[in-house]
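target17.txt (compact mmCIF, C-alpha atoms) appears below.
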# COMPACT_ATOMS: atom_id res chain seq x y z
CA MET C 54 10.61 -3.08 -53.49
CA GLN C 55 14.08 -1.67 -54.15
CA SER C 56 15.06 1.23 -51.98
CA PHE C 57 16.38 4.48 -53.41
CA LYS C 58 19.71 3.69 -51.77
CA HIS C 59 20.00 0.44 -53.68
CA LYS C 60 18.99 1.97 -56.99
CA LEU C 61 21.62 4.61 -56.47
CA ALA C 62 24.24 2.00 -55.60
CA LEU C 63 23.40 0.13 -58.77
CA GLY C 64 23.79 3.23 -60.90
CA LEU C 65 27.11 3.94 -59.21
CA THR C 66 28.36 0.45 -59.95
CA ALA C 67 27.75 1.09 -63.65
CA ILE C 68 29.58 4.41 -63.41
CA VAL C 69 32.54 2.81 -61.65
CA LYS C 70 32.94 0.44 -64.57
CA LYS C 71 32.29 2.99 -67.29
CA TYR C 72 34.82 5.51 -66.03
CA ASN C 73 37.31 2.92 -64.85
CA ILE C 74 37.18 4.16 -61.26
CA ARG C 75 39.53 2.41 -58.83
CA ALA C 76 38.15 -0.30 -56.56
CA GLU C 77 39.19 1.65 -53.45
CA ASP C 78 37.06 4.58 -54.48
CA PHE C 79 34.13 2.32 -55.07
CA ILE C 80 34.56 0.98 -51.57
CA LEU C 81 34.41 4.52 -50.23
CA TRP C 82 31.11 4.91 -52.02
CA ALA C 83 29.97 1.59 -50.67
CA GLU C 84 30.45 3.00 -47.19
CA VAL C 85 28.48 6.13 -47.95
CA PHE C 86 25.57 4.12 -49.36
CA GLU C 87 25.87 1.32 -46.83
CA VAL C 88 26.42 -1.29 -49.49
CA LYS C 89 28.77 -3.94 -48.19
CA PRO C 90 31.72 -4.65 -50.47
CA ILE C 91 31.72 -8.22 -51.81
CA TYR C 92 35.13 -9.91 -51.96
CA LEU C 93 35.59 -13.09 -53.96
CA LEU C 94 38.60 -15.18 -52.97
CA ASP C 95 40.00 -17.83 -55.27
CA MET C 96 41.02 -20.95 -53.34
CA ASP C 97 43.87 -22.81 -55.09
CA GLY C 98 46.76 -20.37 -54.77
CA PRO C 99 45.62 -17.53 -52.49
CA ILE C 100 43.89 -19.66 -49.83
CA VAL C 101 44.95 -23.30 -50.29
CA ASP C 102 48.66 -23.94 -50.80
CA PHE C 103 47.86 -26.06 -53.84
CA GLU C 104 51.29 -25.88 -55.51
CA GLY C 105 53.33 -26.59 -52.38
CA HIS C 106 51.05 -29.42 -51.32
CA PHE C 107 51.05 -30.98 -54.76
CA LEU C 108 54.85 -30.87 -54.99
CA SER C 109 55.27 -32.45 -51.59
CA LEU C 110 52.83 -35.28 -52.46
CA TRP C 111 54.37 -35.73 -55.92
CA ARG C 112 57.83 -36.21 -54.46
CA ARG C 113 56.50 -38.57 -51.80
CA HIS C 114 54.49 -40.69 -54.27
CA TYR C 115 57.08 -40.68 -57.05
CA PRO C 116 60.48 -40.09 -55.44
CA THR C 117 62.35 -41.14 -58.58
CA HIS C 118 60.32 -39.02 -61.04
CA ALA C 119 61.39 -35.59 -62.23
CA PHE C 120 59.77 -32.59 -60.60
CA ILE C 121 59.56 -28.82 -61.09
CA PRO C 122 60.60 -26.62 -58.14
CA LEU C 123 57.94 -24.07 -57.18
CA SER C 124 60.06 -21.14 -58.36
CA ARG C 125 60.20 -22.65 -61.88
CA ARG C 126 56.50 -23.30 -62.30
CA GLY C 127 55.80 -21.49 -65.56
CA ASN C 128 52.07 -21.79 -66.29
CA PHE C 129 48.73 -22.03 -64.54
CA TRP C 130 48.00 -25.72 -65.14
CA VAL C 131 50.52 -27.93 -63.38
CA GLN C 132 49.58 -30.81 -65.72
CA GLU C 133 50.67 -28.86 -68.81
CA GLN C 134 54.16 -28.10 -67.57
CA TYR C 135 54.76 -31.61 -66.21
CA ALA C 136 53.61 -33.09 -69.54
CA LYS C 137 56.73 -31.54 -71.07
CA LEU C 138 58.87 -33.63 -68.71
CA ASP C 139 56.98 -36.83 -69.49
CA PRO C 140 53.65 -37.28 -71.28
CA SER C 141 52.57 -39.85 -68.69
CA TYR C 142 52.77 -37.33 -65.83
CA PRO C 143 49.39 -35.54 -66.20
CA LYS C 144 47.53 -38.78 -65.45
CA LEU C 145 49.66 -39.34 -62.36
CA ILE C 146 49.03 -35.74 -61.29
CA ASN C 147 45.25 -36.16 -61.63
CA LYS C 148 45.48 -39.22 -59.39
CA ILE C 149 46.99 -36.98 -56.71
CA VAL C 150 44.99 -33.77 -57.03
CA GLY C 151 41.69 -35.29 -58.22
CA THR C 152 40.84 -36.85 -54.87
CA THR C 153 39.13 -35.61 -51.75
CA GLU C 154 42.22 -36.91 -49.93
CA PHE C 155 44.37 -34.19 -51.55
CA PHE C 156 42.32 -31.49 -49.85
CA ARG C 157 42.06 -33.40 -46.60
CA THR C 158 45.77 -32.71 -46.00
CA ALA C 159 46.27 -29.43 -47.91
CA PRO C 160 47.51 -26.54 -45.74
CA ALA C 161 46.07 -23.02 -45.77
CA VAL C 162 48.26 -20.20 -47.07
CA ASP C 163 50.05 -18.16 -44.39
CA GLY C 164 47.90 -15.38 -43.02
CA ALA C 165 44.79 -16.35 -45.02
CA ARG C 166 42.67 -17.27 -41.99
CA LYS C 167 43.50 -14.04 -40.18
CA ALA C 168 42.86 -11.87 -43.25
CA VAL C 169 39.52 -13.52 -43.99
CA ARG C 170 38.43 -13.08 -40.38
CA GLU C 171 39.45 -9.41 -40.49
CA MET C 172 37.60 -8.81 -43.75
CA ARG C 173 34.44 -10.18 -42.22
CA GLU C 174 34.93 -8.07 -39.08
CA CYS C 175 35.27 -5.01 -41.32
CA GLY C 176 31.77 -5.66 -42.65
CA ALA C 177 32.69 -7.12 -46.04
CA GLU C 178 30.75 -9.96 -47.63
CA VAL C 179 33.41 -12.61 -48.23
CA PHE C 180 33.00 -15.58 -50.55
CA PHE C 181 35.36 -18.29 -51.65
CA CYS C 182 35.11 -18.63 -55.40
CA SER C 183 36.82 -21.69 -56.79
CA SER C 184 36.85 -23.94 -59.84
CA PRO C 185 36.77 -27.68 -59.30
CA ARG C 186 39.55 -29.16 -61.45
CA PRO C 187 37.84 -29.77 -64.83
CA GLY C 188 36.85 -33.43 -65.22
CA LEU C 189 37.66 -34.12 -61.55
CA PRO C 190 34.35 -33.55 -59.71
CA GLN C 191 35.73 -35.11 -56.52
CA THR C 192 37.64 -31.84 -56.08
CA ALA C 193 34.28 -30.06 -55.57
CA LEU C 194 33.58 -32.21 -52.53
CA GLY C 195 37.20 -31.93 -51.37
CA LYS C 196 37.06 -28.15 -51.50
CA LEU C 197 33.78 -27.84 -49.61
CA GLU C 198 35.06 -30.19 -46.91
CA TRP C 199 38.37 -28.28 -46.77
CA VAL C 200 36.62 -24.96 -46.21
CA ASP C 201 34.37 -26.46 -43.54
CA ARG C 202 37.38 -27.90 -41.72
CA ASN C 203 39.67 -24.86 -42.07
CA PHE C 204 37.23 -21.92 -42.00
CA GLY C 205 34.06 -23.40 -40.52
CA GLU C 206 30.47 -23.88 -41.62
CA TYR C 207 29.83 -20.17 -42.25
CA PHE C 208 32.39 -20.12 -45.06
CA ALA C 209 31.49 -23.61 -46.32
CA ASN C 210 28.09 -22.05 -47.06
CA ARG C 211 29.88 -19.14 -48.76
CA THR C 212 31.89 -21.23 -51.14
CA ILE C 213 30.94 -20.80 -54.79
CA LEU C 214 32.13 -23.54 -57.14
CA THR C 215 32.21 -22.51 -60.78
CA GLN C 216 34.34 -22.95 -63.88
CA ASP C 217 33.32 -19.46 -65.04
CA LYS C 218 34.09 -16.64 -62.60
CA THR C 219 32.90 -13.88 -64.93
CA VAL C 220 29.31 -14.66 -63.92
CA ILE C 221 30.01 -14.28 -60.21
CA PHE C 222 29.09 -10.87 -58.84
CA GLY C 223 31.49 -9.06 -56.54
CA HIS C 224 33.57 -5.92 -56.27
CA VAL C 225 37.01 -7.52 -56.02
CA LEU C 226 38.30 -10.96 -57.04
CA ILE C 227 41.63 -12.09 -55.61
CA ASP C 228 42.92 -14.78 -57.98
CA ASP C 229 46.25 -16.05 -59.30
CA LYS C 230 44.91 -16.87 -62.78
CA PRO C 231 46.09 -14.17 -65.16
CA ASP C 232 43.66 -14.68 -68.06
CA ILE C 233 40.18 -15.11 -66.62
CA SER C 234 37.44 -15.06 -69.22
CA GLY C 235 33.95 -16.48 -69.63
CA ALA C 236 30.38 -15.92 -70.70
CA ASN C 237 30.15 -12.41 -69.24
CA PRO C 238 32.41 -9.99 -71.13
CA ASN C 239 32.03 -7.42 -68.33
CA PRO C 240 32.60 -9.04 -64.95
CA SER C 241 31.51 -6.85 -62.06
CA TRP C 242 34.78 -7.37 -60.15
CA ARG C 243 38.23 -5.91 -60.45
CA GLN C 244 40.89 -8.58 -60.16
CA VAL C 245 43.75 -8.37 -57.71
CA LEU C 246 46.38 -10.83 -58.96
CA TRP C 247 47.68 -13.18 -56.30
CA ASP C 248 51.41 -13.42 -56.97
CA MET C 249 52.68 -16.79 -58.18
CA PRO C 250 55.81 -17.76 -60.13
CA PHE C 251 53.69 -18.70 -63.16
CA ASN C 252 51.98 -15.28 -63.41
CA ARG C 253 55.04 -13.01 -63.03
CA SER C 254 54.95 -11.95 -66.68
CA CYS C 255 51.44 -10.57 -66.26
CA ASN C 256 51.16 -6.79 -65.85
CA GLY C 257 48.21 -4.47 -65.58
CA MET C 258 46.66 -5.76 -62.36
CA PRO C 259 47.51 -4.91 -58.77
CA ARG C 260 49.63 -7.79 -57.46
CA MET C 261 49.19 -9.11 -53.91
CA ARG C 262 52.06 -11.07 -52.38
CA ARG C 263 50.92 -11.69 -48.83
CA TRP C 264 47.69 -11.56 -46.88
CA ALA C 265 49.06 -9.14 -44.28
CA SER C 266 48.81 -6.40 -46.93
CA TRP C 267 45.18 -7.04 -47.90
CA ARG C 268 43.91 -3.73 -46.56
CA SER C 269 46.00 -1.65 -48.91
CA PHE C 270 44.58 -3.55 -51.90
CA LEU C 271 40.96 -3.39 -50.88
CA GLY C 272 41.04 0.11 -49.41
CA VAL C 273 39.31 -1.28 -46.39
CA SER C 274 40.79 1.07 -43.82
CA ARG C 275 38.11 3.44 -45.04
CA ILE C 276 35.26 1.12 -44.20
CA ALA C 277 36.64 -0.20 -40.92
CA ARG C 278 34.68 1.34 -38.08
CA MET D 358 39.92 -2.66 -73.07
CA GLN D 359 36.14 -2.54 -72.85
CA SER D 360 34.41 -1.81 -76.10
CA PHE D 361 31.85 0.94 -76.43
CA LYS D 362 29.25 -1.76 -77.07
CA HIS D 363 29.95 -3.40 -73.74
CA LYS D 364 29.94 -0.15 -71.80
CA LEU D 365 26.61 0.65 -73.35
CA ALA D 366 25.24 -2.79 -72.48
CA LEU D 367 26.34 -2.30 -68.90
CA GLY D 368 24.59 1.05 -68.66
CA LEU D 369 21.47 -0.50 -70.14
CA THR D 370 21.50 -3.28 -67.56
CA ALA D 371 21.40 -0.65 -64.83
CA ILE D 372 18.51 1.12 -66.57
CA VAL D 373 16.57 -2.16 -66.94
CA LYS D 374 16.76 -2.61 -63.18
CA LYS D 375 16.09 1.01 -62.28
CA TYR D 376 12.95 1.32 -64.40
CA ASN D 377 11.77 -2.22 -63.81
CA ILE D 378 11.86 -3.08 -67.51
CA ARG D 379 10.66 -6.56 -68.42
CA ALA D 380 13.18 -9.30 -69.07
CA GLU D 381 11.86 -9.83 -72.61
CA ASP D 382 12.63 -6.24 -73.48
CA PHE D 383 16.10 -6.57 -72.10
CA ILE D 384 16.59 -9.58 -74.32
CA LEU D 385 15.60 -7.50 -77.33
CA TRP D 386 18.31 -5.04 -76.36
CA ALA D 387 20.73 -7.88 -75.87
CA GLU D 388 20.16 -8.77 -79.49
CA VAL D 389 20.74 -5.23 -80.69
CA PHE D 390 23.99 -4.97 -78.75
CA GLU D 391 25.02 -8.55 -79.42
CA VAL D 392 25.18 -9.41 -75.76
CA LYS D 393 24.13 -13.00 -75.23
CA PRO D 394 21.42 -13.45 -72.63
CA ILE D 395 22.59 -15.47 -69.62
CA TYR D 396 20.06 -17.96 -68.23
CA LEU D 397 20.59 -19.50 -64.81
CA LEU D 398 18.70 -22.73 -64.21
CA ASP D 399 18.15 -24.06 -60.72
CA MET D 400 18.56 -27.83 -60.58
CA ASP D 401 16.42 -29.38 -57.80
CA GLY D 402 12.90 -28.76 -59.04
CA PRO D 403 13.15 -27.37 -62.58
CA ILE D 404 15.83 -29.76 -63.88
CA VAL D 405 16.16 -32.69 -61.46
CA ASP D 406 12.91 -34.30 -60.27
CA PHE D 407 14.10 -34.00 -56.68
CA GLU D 408 10.68 -34.25 -55.00
CA GLY D 409 9.42 -37.20 -57.01
CA HIS D 410 12.69 -39.08 -56.66
CA PHE D 411 12.87 -38.45 -52.95
CA LEU D 412 9.30 -39.66 -52.38
CA SER D 413 9.88 -42.83 -54.36
CA LEU D 414 13.08 -43.61 -52.41
CA TRP D 415 11.44 -42.70 -49.09
CA ARG D 416 8.58 -45.13 -49.67
CA ARG D 417 10.99 -47.83 -50.83
CA HIS D 418 13.36 -47.41 -47.82
CA TYR D 419 10.64 -46.89 -45.21
CA PRO D 420 7.47 -48.56 -46.51
CA THR D 421 5.78 -48.40 -43.11
CA HIS D 422 6.59 -44.72 -42.40
CA ALA D 423 4.21 -41.87 -43.08
CA PHE D 424 4.79 -39.82 -46.23
CA ILE D 425 3.52 -36.63 -47.83
CA PRO D 426 2.09 -36.89 -51.36
CA LEU D 427 3.69 -34.45 -53.82
CA SER D 428 0.52 -32.38 -54.13
CA ARG D 429 0.55 -31.75 -50.35
CA ARG D 430 4.16 -30.64 -50.07
CA GLY D 431 3.77 -27.27 -48.38
CA ASN D 432 7.24 -25.71 -48.00
CA PHE D 433 10.60 -25.58 -49.72
CA TRP D 434 12.57 -27.82 -47.33
CA VAL D 435 11.26 -31.36 -47.37
CA GLN D 436 12.94 -31.98 -43.98
CA GLU D 437 10.86 -29.26 -42.30
CA GLN D 438 7.51 -30.65 -43.35
CA TYR D 439 8.40 -34.26 -42.57
CA ALA D 440 9.63 -33.20 -39.12
CA LYS D 441 6.01 -32.37 -38.30
CA LEU D 442 5.08 -36.01 -38.96
CA ASP D 443 7.91 -37.34 -36.82
CA PRO D 444 10.96 -35.51 -35.43
CA SER D 445 13.20 -38.44 -36.37
CA TYR D 446 12.41 -38.10 -40.09
CA PRO D 447 14.80 -35.27 -41.09
CA LYS D 448 17.82 -37.44 -40.22
CA LEU D 449 16.43 -40.29 -42.28
CA ILE D 450 15.78 -37.88 -45.16
CA ASN D 451 19.35 -36.63 -45.07
CA LYS D 452 20.54 -40.23 -45.31
CA ILE D 453 18.62 -40.50 -48.58
CA VAL D 454 19.24 -37.12 -50.23
CA GLY D 455 22.72 -36.43 -48.81
CA THR D 456 24.44 -39.07 -50.89
CA THR D 457 25.92 -39.15 -54.36
CA GLU D 458 23.74 -42.25 -54.86
CA PHE D 459 20.58 -40.11 -54.69
CA PHE D 460 21.67 -38.19 -57.78
CA ARG D 461 22.96 -41.29 -59.52
CA THR D 462 19.37 -42.44 -59.99
CA ALA D 463 17.47 -39.12 -60.06
CA PRO D 464 15.50 -38.51 -63.27
CA ALA D 465 15.52 -35.28 -65.28
CA VAL D 466 12.31 -33.27 -65.45
CA ASP D 467 10.22 -33.80 -68.59
CA GLY D 468 11.33 -31.60 -71.44
CA ALA D 469 14.32 -30.12 -69.60
CA ARG D 470 16.96 -31.63 -71.89
CA LYS D 471 15.19 -30.44 -75.03
CA ALA D 472 14.63 -26.92 -73.67
CA VAL D 473 18.25 -26.54 -72.54
CA ARG D 474 19.49 -27.72 -75.92
CA GLU D 475 17.18 -25.25 -77.67
CA MET D 476 18.30 -22.36 -75.44
CA ARG D 477 21.89 -23.06 -76.35
CA GLU D 478 21.02 -23.29 -80.05
CA CYS D 479 19.32 -19.89 -79.76
CA GLY D 480 22.65 -18.39 -78.68
CA ALA D 481 21.94 -18.04 -74.96
CA GLU D 482 24.60 -18.65 -72.33
CA VAL D 483 23.06 -21.34 -70.13
CA PHE D 484 24.29 -22.24 -66.64
CA PHE D 485 22.99 -24.61 -64.03
CA CYS D 486 22.93 -22.78 -60.72
CA SER D 487 22.32 -25.01 -57.75
CA SER D 488 22.79 -25.12 -53.97
CA PRO D 489 24.31 -28.24 -52.47
CA ARG D 490 22.05 -29.24 -49.57
CA PRO D 491 23.47 -27.31 -46.57
CA GLY D 492 25.71 -29.52 -44.45
CA LEU D 493 25.63 -32.30 -47.07
CA PRO D 494 28.68 -31.60 -49.28
CA GLN D 495 28.33 -34.99 -51.00
CA THR D 496 25.41 -33.44 -52.88
CA ALA D 497 27.90 -31.11 -54.62
CA LEU D 498 29.69 -34.10 -56.11
CA GLY D 499 26.37 -35.83 -56.83
CA LYS D 500 25.07 -32.83 -58.75
CA LEU D 501 28.20 -32.37 -60.87
CA GLU D 502 28.19 -36.08 -61.77
CA TRP D 503 24.46 -35.92 -62.50
CA VAL D 504 24.90 -33.03 -64.94
CA ASP D 505 27.83 -34.76 -66.64
CA ARG D 506 25.79 -37.94 -67.08
CA ASN D 507 22.51 -36.28 -68.13
CA PHE D 508 23.68 -33.17 -70.01
CA GLY D 509 27.32 -33.90 -70.83
CA GLU D 510 30.68 -32.36 -70.06
CA TYR D 511 29.83 -28.95 -71.56
CA PHE D 512 27.14 -28.39 -68.94
CA ALA D 513 29.12 -30.03 -66.13
CA ASN D 514 31.59 -27.21 -66.71
CA ARG D 515 28.68 -24.74 -66.64
CA THR D 516 27.34 -25.82 -63.29
CA ILE D 517 27.65 -23.23 -60.55
CA LEU D 518 27.29 -24.51 -57.00
CA THR D 519 26.43 -21.83 -54.47
CA GLN D 520 24.28 -21.31 -51.39
CA ASP D 521 23.82 -17.66 -52.38
CA LYS D 522 22.33 -17.08 -55.83
CA THR D 523 22.14 -13.30 -55.46
CA VAL D 524 25.86 -13.10 -56.30
CA ILE D 525 25.47 -15.05 -59.53
CA PHE D 526 25.22 -12.82 -62.59
CA GLY D 527 22.61 -13.54 -65.22
CA HIS D 528 19.54 -12.05 -66.87
CA VAL D 529 17.00 -14.69 -65.86
CA LEU D 530 16.96 -17.26 -63.05
CA ILE D 531 14.46 -20.11 -63.28
CA ASP D 532 14.01 -21.38 -59.73
CA ASP D 533 11.26 -22.88 -57.57
CA LYS D 534 12.39 -21.18 -54.36
CA PRO D 535 10.03 -18.30 -53.64
CA ASP D 536 12.16 -16.25 -51.22
CA ILE D 537 15.70 -16.05 -52.58
CA SER D 538 17.92 -13.61 -50.73
CA GLY D 539 21.60 -13.19 -50.02
CA ALA D 540 24.59 -10.88 -49.80
CA ASN D 541 23.66 -8.89 -52.91
CA PRO D 542 20.47 -6.89 -52.33
CA ASN D 543 20.17 -6.25 -56.09
CA PRO D 544 20.61 -9.48 -58.02
CA SER D 545 21.13 -8.94 -61.73
CA TRP D 546 18.53 -11.54 -62.71
CA ARG D 547 14.76 -11.57 -62.85
CA GLN D 548 13.34 -14.74 -61.40
CA VAL D 549 10.90 -16.94 -63.25
CA LEU D 550 9.25 -19.12 -60.61
CA TRP D 551 9.21 -22.82 -61.47
CA ASP D 552 5.78 -24.02 -60.35
CA MET D 553 5.74 -26.44 -57.41
CA PRO D 554 2.98 -27.29 -54.91
CA PHE D 555 4.94 -25.61 -52.11
CA ASN D 556 5.21 -22.25 -53.89
CA ARG D 557 1.61 -21.85 -55.09
CA SER D 558 0.88 -19.08 -52.59
CA CYS D 559 3.66 -16.94 -54.06
CA ASN D 560 2.56 -14.17 -56.43
CA GLY D 561 4.46 -11.46 -58.21
CA MET D 562 6.72 -13.56 -60.41
CA PRO D 563 6.02 -15.12 -63.79
CA ARG D 564 5.27 -18.80 -63.13
CA MET D 565 6.58 -21.52 -65.46
CA ARG D 566 4.83 -24.89 -65.40
CA ARG D 567 6.51 -26.82 -68.19
CA TRP D 568 9.66 -26.56 -70.23
CA ALA D 569 7.80 -26.60 -73.54
CA SER D 570 6.72 -23.01 -72.79
CA TRP D 571 10.19 -21.64 -72.04
CA ARG D 572 10.28 -19.34 -75.07
CA SER D 573 7.32 -17.29 -73.94
CA PHE D 574 9.01 -16.64 -70.59
CA LEU D 575 12.39 -15.72 -71.94
CA GLY D 576 11.20 -13.84 -75.02
CA VAL D 577 13.66 -15.84 -77.01
CA SER D 578 11.74 -15.92 -80.28
CA ARG D 579 13.20 -12.47 -80.75
CA ILE D 580 16.78 -13.62 -80.53
CA ALA D 581 16.38 -16.86 -82.46
CA ARG D 582 17.94 -16.43 -85.90
Do you think you could lay out the structure here as structure tokens?
Amino acid sequence: MQSFKHKLALGLTAIVKKYNIRAEDFILWAEVFEVKPIYLLDMDGPIVDFEGHFLSLWRRHYPTHAFIPLSRRGNFWVQEQYAKLDPSYPKLINKIVGTTEFFRTAPAVDGARKAVREMRECGAEVFFCSSPRPGLPQTALGKLEWVDRNFGEYFANRTILTQDKTVIFGHVLIDDKPDISGANPNPSWRQVLWDMPFNRSCNGMPRMRRWASWRSFLGVSRIAR
Amino acid sequence: MQSFKHKLALGLTAIVKKYNIRAEDFILWAEVFEVKPIYLLDMDGPIVDFEGHFLSLWRRHYPTHAFIPLSRRGNFWVQEQYAKLDPSYPKLINKIVGTTEFFRTAPAVDGARKAVREMRECGAEVFFCSSPRPGLPQTALGKLEWVDRNFGEYFANRTILTQDKTVIFGHVLIDDKPDISGANPNPSWRQVLWDMPFNRSCNGMPRMRRWASWRSFLGVSRIAR
């Protein structure tokens, strides 16, 4: 049932991991063997301006409460850092971000729509790969509706919701979370770190700052026809 | 960063696929190399009694409408078969199944809770892996809430929602859909087909009829301590 081409591609994938071959070189191979590269795109951070939207709603809902400017956000979970200002804040934050309404008004990150469209045009298989906020299942619905509204039905059907990204198969994961772990100790993807103030101390991964530069991270000029 | 053990496990996974080695034998290897087997469990069918619950709600909502007994259900999508009875039925069906309310009252399949608990006790990594009904994003929320209520928070955080299961990594997928395909032509898992009237014509996959027999399909006696 499996073609020789696919068996070969599978063997190559193992070799890529074993010898620590760069993602770009894998993508070159993918072209040769006509295997489409699979890109997984985290939502909150790279695609949805979660931090900016939260801050703007926080200041609107609670104009007299303390807040943390975006440039000073020091860790992944906004609730954790705000808890240091006031232990009552995390609950207030969940009331803002744990609703479908939060996503109804959340803006897309600059250049994300164009980059995603270009990736698809280049022949890549593109998936959104996002974690509903733990304990806030409404965010699952909010995210699916957000993708449908901002990227259309095609991508709504290509949105994977999971708390564990290590069990999602792909060649590259673009994500702002610096310490992704889970049930699979050997994820198939290489991570490209989406730059955020809270992950600036993290080294060892290629760091993407803007969508306009996506080609240089994914080596896609080589697969573009 | 990757241990020798994990590199070896990765190479073995490729060999399992290439030589068409049985899942049980992989699981034996997983024991030797201390890699936990990853089981992916489809929800609608194997875990949630979707068909039975739908039929009971259909007959309650529309007592004078035609219906299809469970034993006569002939294809995967209930909407498609009911459309042959009356073209107005699919819309009525979506009104029933496309709500969070549908999952609020849906029962678990006999023996599913016990089997899932036993898998976890045996050291397997267990994930629910389910597709929200296309175009009905409320079912994403309904499913997450259902898992939380019926299996607890641990499994709610281990529920993967995706339209494409070929990009989910695992060793075994238990699913009643006979023709799973997607962006990844070489899924990592072997499918065990959950027996349903509509998939009886499908051969070539091991067929599971009841949860009490899960061990014989997953070869787990070998990894149980």
Original post:
Hey, which of C:Arg260, C:Arg211, C:Arg243, C:Arg166 ends up closest to chain D? Count only C-alpha atoms.
Top reply: C:Arg211
Subject >> Surrounding residues of C:Glu104 excluding itself and chain neighbours under 5 positions, 9 Å, all atoms listed in the file, as a list of chain:residue names >> reply: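 Neighbouring residues, sequence-local ones excluded: C:Asp97, C:Gly98, C:Ser109, C:Leu123, C:Arg126, C:Val131.
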Original post:
Using all atoms listed in the file, which residues sit within 7 Å of stretch 538-546 of chain D once same-chain residues fewer than 4 positions away are excluded, as a list in words?
Top reply: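 These residues fall inside the cut-off: Glu178 of chain C; Asp521, Thr523, Val524, Phe526, Gly527, His528, Val529 and Leu530 of chain D.
For the pair atom CA of C:Met258 and atom CA of C:Ala209, the separation is 28.4 Å.
Distance-wise, atom CA of D:Pro554 and atom CA of D:Pro394 end up 29.1 Å apart.
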**OP:** Excluding C:Arg263 and residues on its chain fewer than 5 positions from it, collect all residues at most 12 Å away from it, counting all atoms listed in the file, and give them as JSON, numbers by chain.
**Re:** {"C": [98, 99, 100, 162, 163, 164, 165, 167, 168, 227, 245, 246, 247, 248, 249, 268, 269, 270]}
Original post:
What does the distance between atom CA of C:His106 and atom CA of D:Trp503 come to in Å, to one decimal place?
Top reply: 29.6 Å
Subject >> Protein/DNA/RNA residues near (5.6, -33.5, -47.3), cut 6 Å, all atoms listed in the file, as a ChimeraX atom specification >> reply: /D:425,430,438-439
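Proximity ranking of C:Asn210, C:Ser124, C:Ser266, C:Asn147 relative to D:Ser488 places C:Asn210 first, based on all atoms listed in the file.
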Subject >> All residues 8 Å or closer to C:Asn128, all atoms listed in the file, same chain fewer than 5 positions away omitted, as a count of residues only >> reply: 4
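Nearest residue to C:Phe103 among C:Ala119, C:Leu145, C:Ile221, C:Ala159 is C:Ala159, counting all atoms listed in the file.
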All residues 8 Å or closer to C:Ile213, all atoms listed in the file, same chain fewer than 3 positions away omitted, as a compact mmCIF listing (two decimals) with C-alpha atoms, keeping the file's coordinate frame:
# COMPACT_ATOMS: atom_id res chain seq x y z
CA PHE C 180 33.00 -15.58 -50.55
CA PHE C 181 35.36 -18.29 -51.65
CA CYS C 182 35.11 -18.63 -55.40
CA SER C 183 36.82 -21.69 -56.79
CA ILE D 517 27.65 -23.23 -60.55
CA LEU D 518 27.29 -24.51 -57.00
CA THR D 519 26.43 -21.83 -54.47
CA GLN D 520 24.28 -21.31 -51.39
